[in-house]
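Everything on this sheet refers to the single structure shown next.
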Amino acid sequence: MQKNRRVLLASRPSGWVSEANFRIEEVPLRAPAEGEVLVKNLWLSLDPYMRGRMSDAKSYVKGVDLGEVMVGQTVGEVVESRHATLNVGDTVLTQLGWQLYGATREATRIDPSRAPASYYLGLMGMPGLTAYFGLKELGQPKAGETVVVSAASGAVGSVVGQLAKLWGARAVGVAGGADKCRYVKHELGFDACIDYKSGALREELKAACPKGVDVYFDNVGGEILDTVLTRMNLFGRVVVCGTISDYSSAEPYRVRSWRAILVNRLRVQGMIVFDWKDRYGEALKELGGFLAQGKLRYKESVVQGLESAPRGLIDLLAGKNFGKQLVKL
Ligand SMILES: NC(=O)c1ccc[n+]([C@@H]2O[C@H](COP(=O)([O-])OP(=O)(O)OC[C@H]3O[C@@H](n4cnc5c(N)ncnc54)[C@H](OP(=O)(O)O)[C@@H]3O)[C@@H](O)[C@H]2O)c1
């Protein structure tokens with residue numbers, strides 16, 4: 001009988017995730033039931049939200065139970081079908097999580113001739129959609145305005161800054177380290193990028209945004225958020241997309257610049273990408289169009305094999321990824 005390999009949540013981390021929080025097991029492969037497809041996963045997406053799912057704290061989606069397969073999106077190939085509209089050989093997007101195979105009725109056909117299959121986990125998938133709707137609907141940048149985005153070299157941030165430029169705004173990135181900043185400025189085409197690890201964030205932000213900040217797309221929270229708040233313009237918008245600087249800490253960071261929201265009449269709004277699920281088609285059309293015209297650049301950070309997934313997530317949460325983090329299965 002054919003076997004499946006999968007990664008389970010073995011224990012909940014307190015603080016930083018470690019490899020001991022996961023267990024790999026081999027089980028017999030379950031045949032698809034009526035209405036299901038059997039999918040061979042080719043790519044697994046690793047995303048910061050997975051840290052939250054490893055915890056049992058209340059959030060917008062329930063966490064993974066102990067002993068359950070780790071959650072995650074995959075791109076795979078249909079190898080057996082009892083589904084009405086999906087056929088053997090189709091490339092599909094699934095929620096099968098950290099495993100080599102899976103039987104499911106929830107798979108969406110994707111078109112690998114439009115973009116490489118792995119892009120449907122990044123630029124043409126959840127992170128790209130997050131960038132698109134967060135910036136367009138909540139950030140609402142106008143031509144000539146200044147948009148600042150943190151984690152600027154990453155899956156979401158890299159798209160935010162490039163869309164800001166395409167929509168006529170100035171884009172300023174914040175990223176960790178000289179290499180990431182060079183990439184953001186010279187390859188992604190942002191107007192400037194600030195290395196927050198250089199120790200001069202406040203001064204460099206002032207120099208890079210001489211007219212202040214109109215939109216801050218916040219992927220990280222913490223001290224970077226606190227600093228950018230002090231540079232916001234009147235009626236500026238803050239898109240609260242992620243707080244990765246806090247995901248592994250026991251105590252959440254306490255923002256000191258709260259008063260800037262009052263003084264500058266800022267609009268600060270949290271976002272979850274699922275809120276726009278009825279409009280994903282519209283965003284994918286525009287993102288796919290920009291990609292086809294060579295107007296969007298994109299980078300992937302790939303680890304090899306299912307066994308590397310725990311290390312890949314640990315490194316992602318520590319900022320060691322450079323671009324969208326994936327596992328090639
Ligand atoms: N709300 C939603 O619907 C939604 C959807 C997708 C993603 N998100 C959020 O968006 C953010 C980015 O996600 P992504 O998938 O695009 O990941 P990513 O940017 O590709 O990777 C995460 C990056 O976060 C940065 N980082 C890690 N620790 C940090 C710290 N202490 N301070 C500052 N930066 C730190 C690192 O970049 P540097 O080396 O540059 O620091 C790291 O490369 C995350 O917070 C994620 O949870 C939210």
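Following the order of the structure tokens, chains are lettered A, B, ..., residues in each are numbered from 1, and ligands are numbered from 1.
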Report as a Markdown table the residues of chain A within 7 Å of ligand 1, each with its shortest atom pair and distance in Å (one decimal), using only C-alpha atoms and all ligand atoms, ordered by chain and increasing residue number.
| residue | atom | partner | partner_atom_place_in_ligand_line | distance |
| --- | --- | --- | --- | --- |
| A:Asp47 | CA | ligand 1 | 15 (O) | 5.0 |
| A:Pro48 | CA | ligand 1 | 47 (O) | 4.6 |
| A:Tyr49 | CA | ligand 1 | 47 (O) | 4.9 |
| A:Met126 | CA | ligand 1 | 6 (C) | 6.4 |
| A:Pro127 | CA | ligand 1 | 6 (C) | 4.9 |
| A:Thr130 | CA | ligand 1 | 5 (C) | 5.2 |
| A:Ser150 | CA | ligand 1 | 34 (N) | 6.9 |
| A:Ala151 | CA | ligand 1 | 40 (O) | 4.2 |
| A:Ala152 | CA | ligand 1 | 40 (O) | 6.1 |
| A:Ser153 | CA | ligand 1 | 40 (O) | 6.1 |
| A:Gly154 | CA | ligand 1 | 20 (O) | 3.3 |
| A:Ala155 | CA | ligand 1 | 16 (O) | 3.6 |
| A:Val156 | CA | ligand 1 | 16 (O) | 3.7 |
| A:Gly157 | CA | ligand 1 | 16 (O) | 5.7 |
| A:Val174 | CA | ligand 1 | 40 (O) | 6.6 |
| A:Ala175 | CA | ligand 1 | 40 (O) | 3.4 |
| A:Gly176 | CA | ligand 1 | 40 (O) | 3.8 |
| A:Gly177 | CA | ligand 1 | 39 (O) | 6.6 |
| A:Lys180 | CA | ligand 1 | 40 (O) | 6.8 |
| A:Asn219 | CA | ligand 1 | 11 (C) | 4.2 |
| A:Val220 | CA | ligand 1 | 33 (C) | 5.2 |
| A:Cys241 | CA | ligand 1 | 1 (N) | 4.1 |
| A:Gly242 | CA | ligand 1 | 45 (O) | 3.3 |
| A:Thr243 | CA | ligand 1 | 45 (O) | 4.8 |
| A:Ile244 | CA | ligand 1 | 45 (O) | 4.2 |
| A:Ser245 | CA | ligand 1 | 31 (N) | 3.5 |
| A:Asp246 | CA | ligand 1 | 31 (N) | 6.9 |
| A:Met271 | CA | ligand 1 | 1 (N) | 4.9 |
| A:Ile272 | CA | ligand 1 | 3 (O) | 3.4 |
| A:Val273 | CA | ligand 1 | 3 (O) | 3.8 |
| A:Phe274 | CA | ligand 1 | 3 (O) | 6.7 |
| A:Leu316 | CA | ligand 1 | 21 (O) | 5.7 |
| A:Leu317 | CA | ligand 1 | 27 (C) | 5.4 |
| A:Ala318 | CA | ligand 1 | 27 (C) | 5.2 |
| A:Gly319 | CA | ligand 1 | 42 (C) | 3.5 |
| A:Lys320 | CA | ligand 1 | 43 (O) | 5.9 |
| A:Asn321 | CA | ligand 1 | 43 (O) | 5.0 |
| A:Phe322 | CA | ligand 1 | 43 (O) | 6.0 |
| A:Gly323 | CA | ligand 1 | 20 (O) | 5.2 |
| A:Lys324 | CA | ligand 1 | 20 (O) | 4.7 |
| A:Gln325 | CA | ligand 1 | 20 (O) | 6.3 |
(message) At a cut-off of 9 Å, using only C-alpha atoms, what residues contact Gln304 (chain A)? Leave out same-chain residues fewer than 4 positions from it and give the result as a list of chain:residue names.
(response) A:Ser308, A:Ala309, A:Leu326, A:Val327, A:Lys328, A:Leu329
Using only C-alpha atoms, I'd like a table of the residues in region 47-76 of chain A that come within 12 Å of region 105-114 of chain A; for each, show the closest atom pair and its distance in Å rounded to one decimal, ordered by chain and ascending number, as CSV.
residue,atom,partner,partner_atom,distance
A:Gln73,CA,A:Ala107,CA,10.3
A:Thr74,CA,A:Ala107,CA,9.7
A:Val75,CA,A:Ile110,CA,8.8
A:Gly76,CA,A:Ala107,CA,9.4
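Among the candidate residues A:Ser45, A:Tyr196, A:Asn233, A:Pro32, the one lying nearest to Ser301 (chain A) is A:Ser45, with distances computed using only C-alpha atoms.
For the set A:Arg53, A:Leu166, A:Ile24, A:Glu36, the residue with the smallest atom-to-atom gap to Asn87 (chain A) is A:Glu36, counting only C-alpha atoms.
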(request) Could you give me, as a PyMOL selection string, the residues within 8 Å of Cys193 (chain A), counting only C-alpha atoms and dropping anything in the same chain fewer than 6 positions from it? (result) chain A and resi 172-175+181-182+184-185+208
(request) Using backbone DSSP assignments, extract all alpha helix (DSSP H) residues from region 40-172 of chain A; output them as a PyMOL selection string. (result) chain A and resi 49-53+126-133+155-166
(request) Please return as a PyMOL selection string: the residues of region 115-215 of chain A that backbone DSSP assigns to strand (DSSP E). (result) chain A and resi 146-150+170-175+192-195+213-215
Those same residues, written as a tab-separated table (two decimals), in the first residue's frame with C-alpha atoms?
chain	number	residue	atom	x	y	z
A	146	THR	CA	4.27	58.52	0.34
A	147	VAL	CA	3.61	54.86	1.22
A	148	VAL	CA	5.87	53.15	3.76
A	149	VAL	CA	5.80	49.36	4.10
A	150	SER	CA	7.66	47.11	6.55
A	170	ARG	CA	6.25	57.06	-3.68
A	171	ALA	CA	7.28	53.77	-2.04
A	172	VAL	CA	9.62	53.54	0.94
A	173	GLY	CA	10.48	50.13	2.36
A	174	VAL	CA	11.71	49.10	5.79
A	175	ALA	CA	13.69	45.83	5.83
A	192	ALA	CA	14.13	54.25	-0.80
A	193	CYS	CA	14.62	51.46	1.73
A	194	ILE	CA	15.60	51.79	5.37
A	195	ASP	CA	17.56	49.09	7.19
A	213	VAL	CA	4.08	59.47	5.53
A	214	ASP	CA	0.54	59.23	4.10
A	215	VAL	CA	0.09	55.45	4.20
(request) Pick out the residues sitting within 12 Å of region 4-8 of chain A, and hand them over as a count of residues only; count only C-alpha atoms, and ignore anything fewer than 2 positions along from it in its own chain. (result) 48
Just want the 6 Å neighbourhood of Val239 (chain A), counted on only C-alpha atoms, with same-chain residues fewer than 3 positions away dropped. Output as a short mmCIF file (atom, residue, chain, number, x, y, z; two decimals) with all heavy atoms, in the first residue's frame.
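Written file, out38.cif:
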data_model
loop_
_atom_site.label_atom_id
_atom_site.label_comp_id
_atom_site.auth_asym_id
_atom_site.auth_seq_id
_atom_site.Cartn_x
_atom_site.Cartn_y
_atom_site.Cartn_z
N PHE A 217 1.80 50.72 5.66
CA PHE A 217 1.32 49.34 5.57
C PHE A 217 2.18 48.54 6.54
O PHE A 217 3.35 48.26 6.30
CB PHE A 217 1.49 48.84 4.13
CG PHE A 217 0.72 47.57 3.84
CD1 PHE A 217 -0.42 47.60 3.05
CD2 PHE A 217 1.11 46.35 4.36
CE1 PHE A 217 -1.14 46.44 2.76
CE2 PHE A 217 0.40 45.19 4.08
CZ PHE A 217 -0.74 45.23 3.29
N ASP A 218 1.57 48.20 7.68
CA ASP A 218 2.35 47.63 8.79
C ASP A 218 2.30 46.10 8.79
O ASP A 218 1.27 45.51 9.11
CB ASP A 218 1.83 48.18 10.12
CG ASP A 218 2.68 47.71 11.28
OD1 ASP A 218 3.83 47.29 11.05
OD2 ASP A 218 2.18 47.75 12.43
N GLN A 269 -6.60 50.75 10.62
CA GLN A 269 -7.57 49.67 10.44
C GLN A 269 -6.88 48.32 10.24
O GLN A 269 -5.96 48.19 9.44
CB GLN A 269 -8.49 49.96 9.24
CG GLN A 269 -9.63 48.96 9.19
CD GLN A 269 -10.75 49.36 8.24
OE1 GLN A 269 -10.87 50.51 7.84
NE2 GLN A 269 -11.58 48.39 7.88
#
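In this comparison, which uses only C-alpha atoms, the residue of A:Tyr247, A:Ile314, A:Leu188, A:Leu129 approaching Gly52 (chain A) most closely is A:Tyr247.
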